[in-house]
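> Got a structure here, written out as structure tokens. Questions coming.
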Amino acid sequence: MDLKSMYNPVARDLAAVEANFIGLADKWQTEFPELHDMLRHTLTGGKILRPALTFLAGRCLDDKTDRILNMATANELLHISTLIHDDAIDHADTRRGKLTVNNIWGLEKAILLGDFLFARAGEFAAATDNLRTVKMFSNTLQTIAVGELRQARDVFSPRQSREGYFQRISGKTASLLRMSTESGAVLADGTEEQIQALSDFGYNLGLAFQIVDDILDFTGTEKELGKPVGSDLRQGTITLPALLLMEQQPEDNPVKDFLEGKDRENSIIRVINIIKSTGLIDESYALAVTYSEIALALLDTLPPSVYRETLKKLTSYLIRRRV
């Protein structure tokens with residue numbers, strides 16, 4: 001089963017999110033054609049995972065389509081805006097095989113477009129008329145920003161640690177998936193226990209999702225990833241497989257050699273080969289599975305429904321994906 005068919009129970013809801021995106025872009029078609037082109041380029045072709053999680057979480061409990069639609073749109077716009085800023089900071093030319101905004105329109109316009117989408121995301125969050133979700137949105141944006149600052153502080157530092165890694169992915173990935181599921185539960189008027197269960201589900205799914213992403217950065221191909229293999233390490237950020245290598249080989253360590261600028265191309269080739277040929281991938285994957293099992297157990301506290309089962313299938317799919 002592919003991702004699109006897995007979204008079937010909320011397909012109409014997701015179509016409404018995409019209609020919001022088209023409307024956001026087409027509003028500028030006459031007044032500001034370049035902005036229209038930038039938005040069309042940016043707001044099409046994504047996984048729309050976060051809106052799917054928002055709708056599925058909400059529908060596990062009740063059916064408040066209008067308010068959930070606004071928050072689902074806000075969640076995805078916030079995610080997209082962070083990707084645009086990430087690509088600008090990293091000077092990335094492509095993402096998932098698609099040219100980045102900064103590649104086509106330049107760094108300055110990319111950063112400003114990210115800011116524009118932050119603002120529009122906030123507007124959609126406010127349209128829920130729910131103060132709790134607005135505060136959630138603000139707190140999540142702050143958490144993401146702190147995660148980005150931590151990453152910027154530690155870039156190319158050999159002192160990066162496992163603790164720092166989990167702080168970073170908690171801030172950059174898990175916090176946004178947590179908001180996606182928690183906000184859906186809040187807008188569906190769930191009990192505090194249900195809201196907490198779905199919040200913790202999103203958080204643990206986010207940790208598992210990011211660990212798998214970091215594994216694929218070493219095991220995938222450039223064609224599959226749409227970027228060079230070992231891309232994070234090339235940018236000076238050490239992810240879990242490389243951290244485990246540093247822990248297990250503190251003396252003769254190609255990760256440290258790379259960070260210190262010692263024959264970087266050969267060093268990164270060594271890192272990739274060692275990670276792929278030892279048990280480091282399995283060890284990393286075991287941690288991802290642990291977090292996914294915590295997430296699945298939290299779902300068992302919710303009433304049975306097609307939406308709960310879809311969240312379970314989606315969790316398993318995201319852990320086993322290739323891209």
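To be explicit about the labels: the chains of the structure tokens are called A, B, and onward in the order shown, and within each one the residues are counted from 1, while ligands get numbers from 1 in the order they are shown.
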Might you pull out every residue within 9 Å of Val155 of chain A, with only C-alpha atoms counted and same-chain residues fewer than 5 positions away left off, and present them as a tab-separated table (two decimals) with all heavy atoms, in the first residue's frame?

```
chain	number	residue	atom	x	y	z
A	150	ARG	N	20.27	25.41	17.76
A	150	ARG	CA	21.17	24.39	18.30
A	150	ARG	C	22.00	23.75	17.18
A	150	ARG	O	23.20	23.54	17.32
A	150	ARG	CB	20.36	23.29	19.00
A	150	ARG	CG	19.75	23.67	20.33
A	150	ARG	CD	19.09	22.44	20.97
A	150	ARG	NE	18.22	22.78	22.06
A	150	ARG	CZ	18.62	23.02	23.31
A	150	ARG	NH1	19.91	22.97	23.58
A	150	ARG	NH2	17.75	23.31	24.26
A	160	GLN	N	29.46	17.11	19.09
A	160	GLN	CA	28.04	16.74	18.97
A	160	GLN	C	27.81	15.39	19.64
A	160	GLN	O	28.62	14.47	19.50
A	160	GLN	CB	27.64	16.70	17.50
A	160	GLN	CG	27.68	18.08	16.84
A	160	GLN	CD	27.38	18.02	15.35
A	160	GLN	OE1	26.31	17.61	14.95
A	160	GLN	NE2	28.35	18.44	14.52
A	235	GLN	N	26.99	18.69	5.48
A	235	GLN	CA	26.66	20.03	5.98
A	235	GLN	C	27.17	20.25	7.41
A	235	GLN	O	26.93	21.30	8.00
A	235	GLN	CB	25.14	20.23	5.96
A	235	GLN	CG	24.52	20.21	4.57
A	235	GLN	CD	24.89	21.43	3.75
A	235	GLN	OE1	25.29	22.47	4.28
A	235	GLN	NE2	24.79	21.31	2.42
A	236	GLY	N	27.87	19.24	7.97
A	236	GLY	CA	28.45	19.39	9.30
A	236	GLY	C	27.55	18.96	10.43
A	236	GLY	O	27.86	19.21	11.61
A	237	THR	N	26.43	18.30	10.12
A	237	THR	CA	25.50	17.85	11.15
A	237	THR	C	25.60	16.34	11.31
A	237	THR	O	25.43	15.59	10.35
A	237	THR	CB	24.05	18.23	10.78
A	237	THR	OG1	23.96	19.66	10.71
A	237	THR	CG2	23.06	17.71	11.82
A	238	ILE	N	25.88	15.89	12.53
A	238	ILE	CA	26.05	14.46	12.79
A	238	ILE	C	24.72	13.87	13.23
A	238	ILE	O	24.15	14.29	14.23
A	238	ILE	CB	27.11	14.22	13.89
A	238	ILE	CG1	28.39	14.99	13.59
A	238	ILE	CG2	27.41	12.73	14.00
A	238	ILE	CD1	29.45	14.83	14.65
A	259	LEU	N	35.02	16.19	10.05
A	259	LEU	CA	34.67	17.46	10.71
A	259	LEU	C	35.89	18.36	10.87
A	259	LEU	O	35.77	19.59	10.84
A	259	LEU	CB	34.03	17.19	12.07
A	259	LEU	CG	32.69	16.45	12.04
A	259	LEU	CD1	32.23	16.12	13.45
A	259	LEU	CD2	31.63	17.27	11.32
```
> Step one, run DSSP on the backbone; step two, keep only residues of segment 61-192 of chain A assigned to strand (DSSP E); then write them as a list in words.
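Of segment 61-192 of chain A, the ones in strand (DSSP E) are Thr94, Arg95, Lys98 and Leu99 of chain A.
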> What is the atom CA of Lys47 of chain A to atom CA of Ala72 of chain A distance in Å?
13.2 Å
> Go through A:Ile80, A:Leu35, A:Leu53, A:Ala152 one by one, measure the shortest atom-to-atom distance of each to Lys109 of chain A using only C-alpha atoms, and give the residue with the smallest value.
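Of the candidates, the smallest distance to Lys109 of chain A is held by A:Leu35.
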> So that I can see what lies close to segment 122-134 of chain A, please list as a ChimeraX atom specification the residues with an atom at most 12 Å from it, counting only C-alpha atoms and leaving out residues fewer than 5 positions away in the same chain.
/A:17,20-21,24,54,64-79,81,115-117,139-141,178-189,195
> Create the file for the chosen residues now, containing C-alpha atoms and written as an mmCIF file, in the first residue's frame.

```
data_model
loop_
_atom_site.group_PDB
_atom_site.id
_atom_site.type_symbol
_atom_site.label_atom_id
_atom_site.label_comp_id
_atom_site.auth_asym_id
_atom_site.auth_seq_id
_atom_site.Cartn_x
_atom_site.Cartn_y
_atom_site.Cartn_z
ATOM 1 C CA VAL A 17 -5.985 21.526 2.205
ATOM 2 C CA ASN A 20 -6.371 26.156 0.251
ATOM 3 C CA PHE A 21 -2.845 26.053 -1.156
ATOM 4 C CA LEU A 24 -3.251 31.032 -1.581
ATOM 5 C CA THR A 54 -4.181 16.272 12.034
ATOM 6 C CA LYS A 64 -15.030 19.070 13.335
ATOM 7 C CA THR A 65 -14.012 19.489 9.725
ATOM 8 C CA ASP A 66 -13.920 23.278 9.363
ATOM 9 C CA ARG A 67 -11.727 23.998 12.343
ATOM 10 C CA ILE A 68 -9.489 21.002 11.690
ATOM 11 C CA LEU A 69 -9.057 22.103 8.062
ATOM 12 C CA ASN A 70 -7.631 25.473 9.137
ATOM 13 C CA MET A 71 -5.187 23.857 11.555
ATOM 14 C CA ALA A 72 -4.188 21.117 9.114
ATOM 15 C CA THR A 73 -3.368 23.835 6.574
ATOM 16 C CA ALA A 74 -1.406 25.783 9.191
ATOM 17 C CA ASN A 75 0.612 22.706 10.168
ATOM 18 C CA GLU A 76 1.690 21.991 6.601
ATOM 19 C CA LEU A 77 2.489 25.639 5.810
ATOM 20 C CA LEU A 78 4.681 25.811 8.907
ATOM 21 C CA HIS A 79 6.475 22.645 7.820
ATOM 22 C CA SER A 81 8.331 27.263 5.501
ATOM 23 C CA ASP A 115 8.671 34.303 6.319
ATOM 24 C CA PHE A 116 5.544 34.877 4.211
ATOM 25 C CA LEU A 117 4.446 31.270 4.743
ATOM 26 C CA ASN A 139 5.171 27.380 21.126
ATOM 27 C CA THR A 140 5.952 24.918 18.336
ATOM 28 C CA LEU A 141 7.408 27.641 16.144
ATOM 29 C CA ARG A 178 3.174 16.421 17.982
ATOM 30 C CA MET A 179 1.357 19.654 17.125
ATOM 31 C CA SER A 180 -0.290 17.967 14.151
ATOM 32 C CA THR A 181 -1.867 15.196 16.215
ATOM 33 C CA GLU A 182 -2.449 17.183 19.412
ATOM 34 C CA SER A 183 -4.183 20.038 17.603
ATOM 35 C CA GLY A 184 -6.487 17.582 15.834
ATOM 36 C CA ALA A 185 -7.439 16.079 19.189
ATOM 37 C CA VAL A 186 -8.049 19.501 20.747
ATOM 38 C CA LEU A 187 -10.260 20.679 17.885
ATOM 39 C CA ALA A 188 -12.245 17.428 18.068
ATOM 40 C CA ASP A 189 -12.986 18.212 21.731
ATOM 41 C CA ILE A 195 -5.367 14.774 23.822
#
```
> For Leu176 of chain A, which residue among A:Thr82, A:Arg308, A:Glu265, A:Leu240 is the nearest when counting only C-alpha atoms?
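The answer is A:Thr82, which sits nearest to Leu176 of chain A.
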> Set the distance at 7 Å and use only C-alpha atoms: which residues neighbour segment 197-210 of chain A once local chain neighbours fewer than 6 positions away are removed? I'd like the list as number ranges by chain.
A: 57, 169-170, 173-175, 177-179, 181-182, 185, 288-289, 291-292, 294-295, 298, 315, 318-319
> Pull N, CA and C atoms from the residues just selected and write them as a PDB file, in the first residue's frame.

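What landed in again_38.pdb:
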```pdb
ATOM      1  N   ALA A  57      -6.081  12.206  13.559  1.00  0.00           N
ATOM      2  CA  ALA A  57      -6.156  12.325  15.016  1.00  0.00           C
ATOM      3  C   ALA A  57      -7.515  12.888  15.441  1.00  0.00           C
ATOM      4  N   ILE A 169      16.319  16.753  17.138  1.00  0.00           N
ATOM      5  CA  ILE A 169      15.212  16.176  16.373  1.00  0.00           C
ATOM      6  C   ILE A 169      13.883  16.328  17.115  1.00  0.00           C
ATOM      7  N   SER A 170      13.956  16.451  18.443  1.00  0.00           N
ATOM      8  CA  SER A 170      12.733  16.748  19.195  1.00  0.00           C
ATOM      9  C   SER A 170      12.208  18.114  18.801  1.00  0.00           C
ATOM     10  N   THR A 173      11.624  18.083  14.334  1.00  0.00           N
ATOM     11  CA  THR A 173      10.699  17.155  13.670  1.00  0.00           C
ATOM     12  C   THR A 173       9.576  16.711  14.599  1.00  0.00           C
ATOM     13  N   ALA A 174       9.939  16.199  15.768  1.00  0.00           N
ATOM     14  CA  ALA A 174       8.922  15.628  16.659  1.00  0.00           C
ATOM     15  C   ALA A 174       7.929  16.675  17.140  1.00  0.00           C
ATOM     16  N   SER A 175       8.389  17.920  17.341  1.00  0.00           N
ATOM     17  CA  SER A 175       7.479  18.954  17.849  1.00  0.00           C
ATOM     18  C   SER A 175       6.372  19.262  16.842  1.00  0.00           C
ATOM     19  N   LEU A 177       5.183  17.155  14.423  1.00  0.00           N
ATOM     20  CA  LEU A 177       4.246  16.033  14.361  1.00  0.00           C
ATOM     21  C   LEU A 177       3.386  15.977  15.619  1.00  0.00           C
ATOM     22  N   ARG A 178       3.977  16.340  16.758  1.00  0.00           N
ATOM     23  CA  ARG A 178       3.174  16.421  17.982  1.00  0.00           C
ATOM     24  C   ARG A 178       2.069  17.455  17.827  1.00  0.00           C
ATOM     25  N   MET A 179       2.389  18.636  17.306  1.00  0.00           N
ATOM     26  CA  MET A 179       1.357  19.654  17.125  1.00  0.00           C
ATOM     27  C   MET A 179       0.282  19.168  16.166  1.00  0.00           C
ATOM     28  N   THR A 181      -0.909  16.121  15.611  1.00  0.00           N
ATOM     29  CA  THR A 181      -1.867  15.196  16.215  1.00  0.00           C
ATOM     30  C   THR A 181      -2.563  15.813  17.422  1.00  0.00           C
ATOM     31  N   GLU A 182      -1.838  16.571  18.221  1.00  0.00           N
ATOM     32  CA  GLU A 182      -2.449  17.183  19.412  1.00  0.00           C
ATOM     33  C   GLU A 182      -3.516  18.203  19.020  1.00  0.00           C
ATOM     34  N   ALA A 185      -6.699  16.572  18.021  1.00  0.00           N
ATOM     35  CA  ALA A 185      -7.439  16.079  19.189  1.00  0.00           C
ATOM     36  C   ALA A 185      -8.131  17.217  19.927  1.00  0.00           C
ATOM     37  N   ALA A 288      14.498   3.454  16.291  1.00  0.00           N
ATOM     38  CA  ALA A 288      13.315   3.953  15.596  1.00  0.00           C
ATOM     39  C   ALA A 288      12.116   3.050  15.875  1.00  0.00           C
ATOM     40  N   VAL A 289      12.331   1.756  15.845  1.00  0.00           N
ATOM     41  CA  VAL A 289      11.248   0.809  16.116  1.00  0.00           C
ATOM     42  C   VAL A 289      10.744   0.967  17.543  1.00  0.00           C
ATOM     43  N   TYR A 291      10.619   3.681  19.373  1.00  0.00           N
ATOM     44  CA  TYR A 291       9.731   4.849  19.445  1.00  0.00           C
ATOM     45  C   TYR A 291       8.416   4.599  18.715  1.00  0.00           C
ATOM     46  N   SER A 292       8.468   3.858  17.611  1.00  0.00           N
ATOM     47  CA  SER A 292       7.231   3.569  16.880  1.00  0.00           C
ATOM     48  C   SER A 292       6.327   2.655  17.702  1.00  0.00           C
ATOM     49  N   ILE A 294       6.148   2.603  20.981  1.00  0.00           N
ATOM     50  CA  ILE A 294       5.544   3.470  22.005  1.00  0.00           C
ATOM     51  C   ILE A 294       4.349   4.211  21.404  1.00  0.00           C
ATOM     52  N   ALA A 295       4.547   4.720  20.184  1.00  0.00           N
ATOM     53  CA  ALA A 295       3.466   5.441  19.498  1.00  0.00           C
ATOM     54  C   ALA A 295       2.261   4.531  19.273  1.00  0.00           C
ATOM     55  N   LEU A 298       0.193   3.875  22.398  1.00  0.00           N
ATOM     56  CA  LEU A 298      -0.640   5.018  22.780  1.00  0.00           C
ATOM     57  C   LEU A 298      -1.960   5.014  22.010  1.00  0.00           C
ATOM     58  N   THR A 315       1.966   4.551  10.713  1.00  0.00           N
ATOM     59  CA  THR A 315       3.167   4.446  11.549  1.00  0.00           C
ATOM     60  C   THR A 315       4.084   3.343  11.033  1.00  0.00           C
ATOM     61  N   LEU A 318       5.716   4.367   7.679  1.00  0.00           N
ATOM     62  CA  LEU A 318       6.767   5.382   7.796  1.00  0.00           C
ATOM     63  C   LEU A 318       8.072   4.804   8.334  1.00  0.00           C
ATOM     64  N   ILE A 319       7.972   3.751   9.106  1.00  0.00           N
ATOM     65  CA  ILE A 319       9.173   3.109   9.641  1.00  0.00           C
ATOM     66  C   ILE A 319       9.864   2.255   8.581  1.00  0.00           C
TER      67      ILE A 319
END
```
> Quick one: residues within 10 Å of Leu56 of chain A, only C-alpha atoms counted, chain neighbours fewer than 5 positions away excluded, as an MDAnalysis selection string?
chainID A and resid 7 9:10 13 50:51 61:63 180:181 184:185 306:311
> Limited to all heavy atoms, could you put the picked residues into a file as a short mmCIF file (atom, residue, chain, number, x, y, z; two decimals), in the first residue's frame?

```
data_model
loop_
_atom_site.label_atom_id
_atom_site.label_comp_id
_atom_site.auth_asym_id
_atom_site.auth_seq_id
_atom_site.Cartn_x
_atom_site.Cartn_y
_atom_site.Cartn_z
N TYR A 7 -4.08 7.37 2.75
CA TYR A 7 -4.80 8.58 3.14
C TYR A 7 -6.29 8.53 2.78
O TYR A 7 -7.02 9.49 3.03
CB TYR A 7 -4.19 9.81 2.45
CG TYR A 7 -2.82 10.22 2.92
CD1 TYR A 7 -2.02 11.02 2.10
CD2 TYR A 7 -2.32 9.85 4.15
CE1 TYR A 7 -0.76 11.44 2.50
CE2 TYR A 7 -1.06 10.26 4.56
CZ TYR A 7 -0.28 11.05 3.72
OH TYR A 7 0.96 11.46 4.13
N PRO A 9 -9.12 7.44 3.96
CA PRO A 9 -10.18 7.84 4.89
C PRO A 9 -10.30 9.36 5.07
O PRO A 9 -11.35 9.85 5.51
CB PRO A 9 -9.76 7.17 6.20
CG PRO A 9 -8.96 5.99 5.79
CD PRO A 9 -8.20 6.46 4.58
N VAL A 10 -9.23 10.09 4.74
CA VAL A 10 -9.29 11.56 4.86
C VAL A 10 -8.95 12.23 3.53
O VAL A 10 -8.51 13.38 3.50
CB VAL A 10 -8.35 12.08 5.99
CG1 VAL A 10 -8.88 11.68 7.36
CG2 VAL A 10 -6.92 11.56 5.80
N ASP A 13 -10.64 15.56 2.90
CA ASP A 13 -10.07 16.59 3.77
C ASP A 13 -8.75 17.11 3.22
O ASP A 13 -8.49 18.32 3.21
CB ASP A 13 -9.85 16.03 5.18
CG ASP A 13 -11.14 15.56 5.83
OD1 ASP A 13 -12.13 16.32 5.80
OD2 ASP A 13 -11.15 14.44 6.36
N ARG A 50 1.62 15.88 7.59
CA ARG A 50 1.15 16.57 8.79
C ARG A 50 -0.35 16.87 8.76
O ARG A 50 -1.04 16.64 9.75
CB ARG A 50 2.01 17.81 9.03
CG ARG A 50 3.41 17.43 9.52
CD ARG A 50 4.52 18.29 8.97
NE ARG A 50 5.82 17.66 9.21
CZ ARG A 50 6.39 16.78 8.35
NH1 ARG A 50 5.78 16.47 7.23
NH2 ARG A 50 7.55 16.24 8.64
N PRO A 51 -0.89 17.36 7.62
CA PRO A 51 -2.36 17.50 7.57
C PRO A 51 -3.08 16.16 7.73
O PRO A 51 -4.14 16.10 8.37
CB PRO A 51 -2.60 18.10 6.19
CG PRO A 51 -1.33 18.75 5.81
CD PRO A 51 -0.25 17.93 6.44
N LEU A 61 -11.64 10.93 17.25
CA LEU A 61 -12.44 11.35 18.39
C LEU A 61 -13.78 11.95 18.00
O LEU A 61 -14.78 11.74 18.66
CB LEU A 61 -11.65 12.36 19.23
CG LEU A 61 -10.23 11.94 19.63
CD1 LEU A 61 -9.54 13.05 20.40
CD2 LEU A 61 -10.26 10.65 20.44
N ASP A 62 -13.80 12.75 16.92
CA ASP A 62 -15.04 13.42 16.51
C ASP A 62 -14.82 14.03 15.13
O ASP A 62 -13.77 13.84 14.52
CB ASP A 62 -15.41 14.52 17.53
CG ASP A 62 -16.89 14.87 17.48
OD1 ASP A 62 -17.58 14.41 16.56
OD2 ASP A 62 -17.35 15.61 18.36
N ASP A 63 -15.79 14.78 14.66
CA ASP A 63 -15.74 15.30 13.30
C ASP A 63 -16.00 16.80 13.29
O ASP A 63 -17.15 17.24 13.28
CB ASP A 63 -16.80 14.57 12.46
CG ASP A 63 -16.54 14.72 10.98
OD1 ASP A 63 -15.69 15.55 10.61
OD2 ASP A 63 -17.17 14.00 10.20
N SER A 180 0.68 18.45 15.13
CA SER A 180 -0.29 17.97 14.15
C SER A 180 -1.35 17.08 14.81
O SER A 180 -2.55 17.25 14.59
CB SER A 180 0.43 17.19 13.04
OG SER A 180 1.33 18.03 12.35
N THR A 181 -0.91 16.12 15.61
CA THR A 181 -1.87 15.20 16.22
C THR A 181 -2.56 15.81 17.42
O THR A 181 -3.77 15.62 17.61
CB THR A 181 -1.16 13.89 16.64
OG1 THR A 181 -0.02 14.20 17.44
CG2 THR A 181 -0.70 13.11 15.41
N GLY A 184 -5.31 18.29 16.32
CA GLY A 184 -6.49 17.58 15.83
C GLY A 184 -7.35 17.09 16.97
O GLY A 184 -8.59 17.19 16.92
N ALA A 185 -6.70 16.57 18.02
CA ALA A 185 -7.44 16.08 19.19
C ALA A 185 -8.13 17.22 19.93
O ALA A 185 -9.28 17.08 20.37
CB ALA A 185 -6.48 15.34 20.12
N VAL A 306 -11.76 3.30 11.98
CA VAL A 306 -10.95 3.21 10.77
C VAL A 306 -9.81 4.22 10.82
O VAL A 306 -8.72 3.98 10.28
CB VAL A 306 -11.82 3.44 9.51
CG1 VAL A 306 -12.41 4.84 9.48
CG2 VAL A 306 -11.02 3.16 8.24
N TYR A 307 -10.01 5.33 11.51
CA TYR A 307 -8.98 6.38 11.59
C TYR A 307 -7.84 5.95 12.50
O TYR A 307 -6.66 6.19 12.19
CB TYR A 307 -9.61 7.69 12.08
CG TYR A 307 -10.78 8.10 11.22
CD1 TYR A 307 -12.09 8.01 11.69
CD2 TYR A 307 -10.59 8.54 9.91
CE1 TYR A 307 -13.17 8.36 10.88
CE2 TYR A 307 -11.66 8.89 9.10
CZ TYR A 307 -12.94 8.79 9.59
OH TYR A 307 -14.00 9.12 8.80
N ARG A 308 -8.18 5.28 13.61
CA ARG A 308 -7.12 4.76 14.48
C ARG A 308 -6.31 3.70 13.75
O ARG A 308 -5.07 3.69 13.83
CB ARG A 308 -7.74 4.17 15.75
CG ARG A 308 -6.68 3.78 16.79
CD ARG A 308 -7.28 3.07 17.98
NE ARG A 308 -7.66 1.69 17.66
CZ ARG A 308 -7.99 0.78 18.58
NH1 ARG A 308 -8.02 1.12 19.87
NH2 ARG A 308 -8.31 -0.45 18.23
N GLU A 309 -7.00 2.82 13.01
CA GLU A 309 -6.28 1.78 12.27
C GLU A 309 -5.40 2.38 11.18
O GLU A 309 -4.31 1.88 10.90
CB GLU A 309 -7.27 0.79 11.67
CG GLU A 309 -7.99 -0.06 12.71
CD GLU A 309 -7.05 -0.68 13.73
OE1 GLU A 309 -6.12 -1.39 13.31
OE2 GLU A 309 -7.23 -0.44 14.94
N THR A 310 -5.87 3.46 10.57
CA THR A 310 -5.06 4.13 9.55
C THR A 310 -3.80 4.73 10.17
O THR A 310 -2.71 4.66 9.58
CB THR A 310 -5.88 5.23 8.85
OG1 THR A 310 -7.02 4.64 8.24
CG2 THR A 310 -5.05 5.94 7.78
N LEU A 311 -3.92 5.32 11.36
CA LEU A 311 -2.74 5.84 12.05
C LEU A 311 -1.75 4.71 12.36
O LEU A 311 -0.53 4.90 12.25
CB LEU A 311 -3.14 6.54 13.35
CG LEU A 311 -3.75 7.94 13.21
CD1 LEU A 311 -4.25 8.45 14.56
CD2 LEU A 311 -2.75 8.93 12.60
#
```
> Would you mind writing down, as a VMD selection string, each residue of segment 148-285 of chain A that DSSP on the backbone assigns to alpha helix (DSSP H)?
chain A and resid 148 to 154 162 to 169 175 to 187 192 to 219 222 to 225 231 to 234 240 to 248 254 to 259 264 to 277 280 to 285
> Please determine, counting only C-alpha atoms, which residue among A:Ile211, A:Ala16, A:Leu245, A:Lys98 has the shortest atom-to-atom distance to Ser161 of chain A.
A:Leu245
> So which one's closest to Thr143 of chain A, A:Leu280, A:Pro158, A:Gln167, A:Arg234? Using only C-alpha atoms, please.
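Smallest distance to Thr143 of chain A is found for A:Gln167.
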> Using only C-alpha atoms, which of the listed residues (A:Glu108, A:Ala11, A:Arg264, A:Val255) sits closest to Leu49 of chain A?
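With only C-alpha atoms as the atom set, the closest residue is A:Ala11.
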